[in-house]
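Notes for the one structure printed next.
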Amino acid sequence: MVFSSLLFLFRFLPLVLICYFIAPRGLRNLILFLFSLVFYAWGEPVYVVLMMVSILISYLGGIFVDRFKQTGQTGRAKAALAVSCVLSLSLLGFFKYADFTIETVNSLTGAGLSLLHVALPIGISFYTFQTMSYTIDVYRGEASVQKNIVSFGAYVTMFPQLIAGPIVQYKTIDKQLRTRKETAEEFALGINRFMVGLGKKVLLANNAGTLWESIQTMNFSQVPVLTAWIGLAAYSFQLYFDFSAYSDMAIGLGHMFGFRFLENFNYPYISKSITEFWRRWHISLSTWFRDYVYIPLGGNRVKPLKHVRNIFVVWLLTGIWHGANWNFVLWGVYYGVLLLVEKFFLGKYLEKLPSFFRHLYCIFFVMIGWNIFVFVDMGDVVSYLKALFGLYGQGLFNRETVYLLYNNVVLLLFLAFGSTMLPKKAGDWICGKLSRRDGLSVLVRGVFYVGVFVLSVAWLVDASFNPFLYFRF
C-alpha cells in the first residue's frame, strides 16, 4: 500500500484516524501498531514475521543493555549491544546482500554457486537502522529503556515512515511515545504537509518519471547529447520530488498522530557544494551515519589519514546501504572522493567563485552521480555517460530532442521552480499580504491545498500503480 493510492487516501487513512481518536489515550500506541502491521502486510504479508523478529531482537537487547548498566556490568552491557546489532545486521545482510555476495564470489573465483533468489523485504534498510538506533541510544544513556513492547513496536512499524523514512532515531521520539498531545492545530498542519507531498509525488515526480522512461528506453549510442541531459535532469527531478514527497507525507501523517519527525530534505538542489548538498539531502540517513559511525570512529578529531578513512568508510557504507549492486558501491566511493577533494583542496577555491558557478558545479556533479545511481548494470552507467558527452559522435540534438523540449518545457520549468525556495517564499508573501483581511489568507491556503488534492486524485483515478522509488532500498 502506498500513500499516493486511492485505497490509502479513502479507506485506510480515514479508518485508522477514526479508530485512533476514539480510542482511549492509553491504547493509541496499540492502534498505531496494529494498523501499521496491516499496512505493511498489505504488500509484504510474509515479511511481517521478519519485522517482528527484528523488533524482538532490539527490544530484548535494550532490556539486557539497561539491566547490565544498572548493575554496573559495563562489559556485559556492551556484549548485549553487540549481539543485538550483529543479529539485526545479519538479517539485513542475508536478505539484501546474500545474492550479491554469491554473484561476486562466482565472478572472482568461478565457483558457480547457486543464487538464493531471496526477495528484498520492503523497508528493511530503514527499520533495521531504527531498531539499532534504539539499543545504541539506551547503551549511551541518551534514551530510556522501553519496557512496553507495544510502544516499541509502534515506534518501529509506524506506517507513516516505515517504508522509506525518514529514519527516526529513537531518542528523538522517546518522550513522544510515552506522552504526546494531539491538537487541532497539529492535525491541520499535518494535513497541509501531506497534501504538499501528495502533489509533489503525483503531479511532479510521476510526470518527470514518464519523461525519463521515454528517454531511458532509447538506444544510448544514438541519443543526442541534449536529449541525454534532458533525461538525466528528468530523473534527477523525479528522484528528488518522489523521495521528498514521501518524507513530506510521512511528516504530515506524524503531525496528525501527535509526532514530530525531523526534516529529511532542505532544498538540496540549491546547494553550492557537494558538502552542502549532503547536508540538505536525505538528512536522516546522513545524521544516522554521523551519529553511529563517523563520530564513533573519531570524526574529524583525529589525524588527517584517519579522518580520510572515516569519511571513506561512511560513504562506502552509504553506497552499500542503498543497494546490493556495484553501481551503488561506486556511487558511494564517488561521493566519498568528491567530499574529500572539497574538504582538503577544492573548498577554499570554491568559496571565491560567484554563487552561480558554485551552484553549476554542484548540480553537474550531482547529476553525474545520479547517472551512476540509476543504472544497476555498470555497462549502462558507462553507455549513458558516453551519451552525455557525445562520445558516440551522435550530435547535439535532433528533431526528437526539439519535440521532447516542446512538449516538456513547461514541466521542466515547474520542476526547476519547485525545487527551490521560491514557491514557499511566494506563498508566504501572498498570505502575508492577504493576512490584513480577516480570513482571506486562510481561505486562499485552503483553496490551494484542496486544489492540489483534487488534481492529484483526478490523476490517480486513471493512473496505474506508482510506488515510491526508495521502496527498493
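In the C-alpha cells, chains take the letters A, B, ... in the order shown, each chain's residues start at 1, and ligands count up from 1 in the order shown.
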Can you list, as a compact mmCIF listing (two decimals) with N, CA and C atoms, in the first residue's frame, every protein, DNA or RNA residue that comes within 9 Å of Leu116 (chain A) when you count only C-alpha atoms, leaving out same-chain residues fewer than 4 positions away?
# COMPACT_ATOMS: atom_id res chain seq x y z
N ALA A 98 22.87 -11.29 0.24
CA ALA A 98 23.30 -12.68 0.06
C ALA A 98 23.60 -12.98 -1.41
N ASP A 99 22.64 -12.69 -2.30
CA ASP A 99 22.84 -12.99 -3.72
C ASP A 99 23.96 -12.14 -4.32
N ILE A 102 27.16 -13.82 -3.35
CA ILE A 102 27.36 -15.05 -4.13
C ILE A 102 27.79 -14.71 -5.56
Test item, alpha helix (DSSP H) assignment across region 125-343 of chain A, answer as number ranges by chain: A: 125-140, 149-157, 170-178, 184-199, 206-216, 225-256, 274-280, 283-289, 304-322, 326-341
Pick out the closest residue to Ile251 (chain A) from this set: A:Leu422, A:Ile122, A:Leu226, A:Leu189. Count only C-alpha atoms.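 Closest to Ile251 (chain A) of all the choices is A:Leu189.
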Would you compute the distance between CA of Val457 (chain A) and CA of Leu6 (chain A)? Give it in Å to one decimal.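 So the answer is 7.4 Å.
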Applying 9 Å and only C-alpha atoms, which residues near region 195-209 of chain A remain after dropping the ones on its own chain fewer than 2 positions away? List them as a ChimeraX atom specification. /A:3-4,190-193,211-214,233-250,252,411-412,414-415,418,449-450,452-453,455-457,459-460,466,468
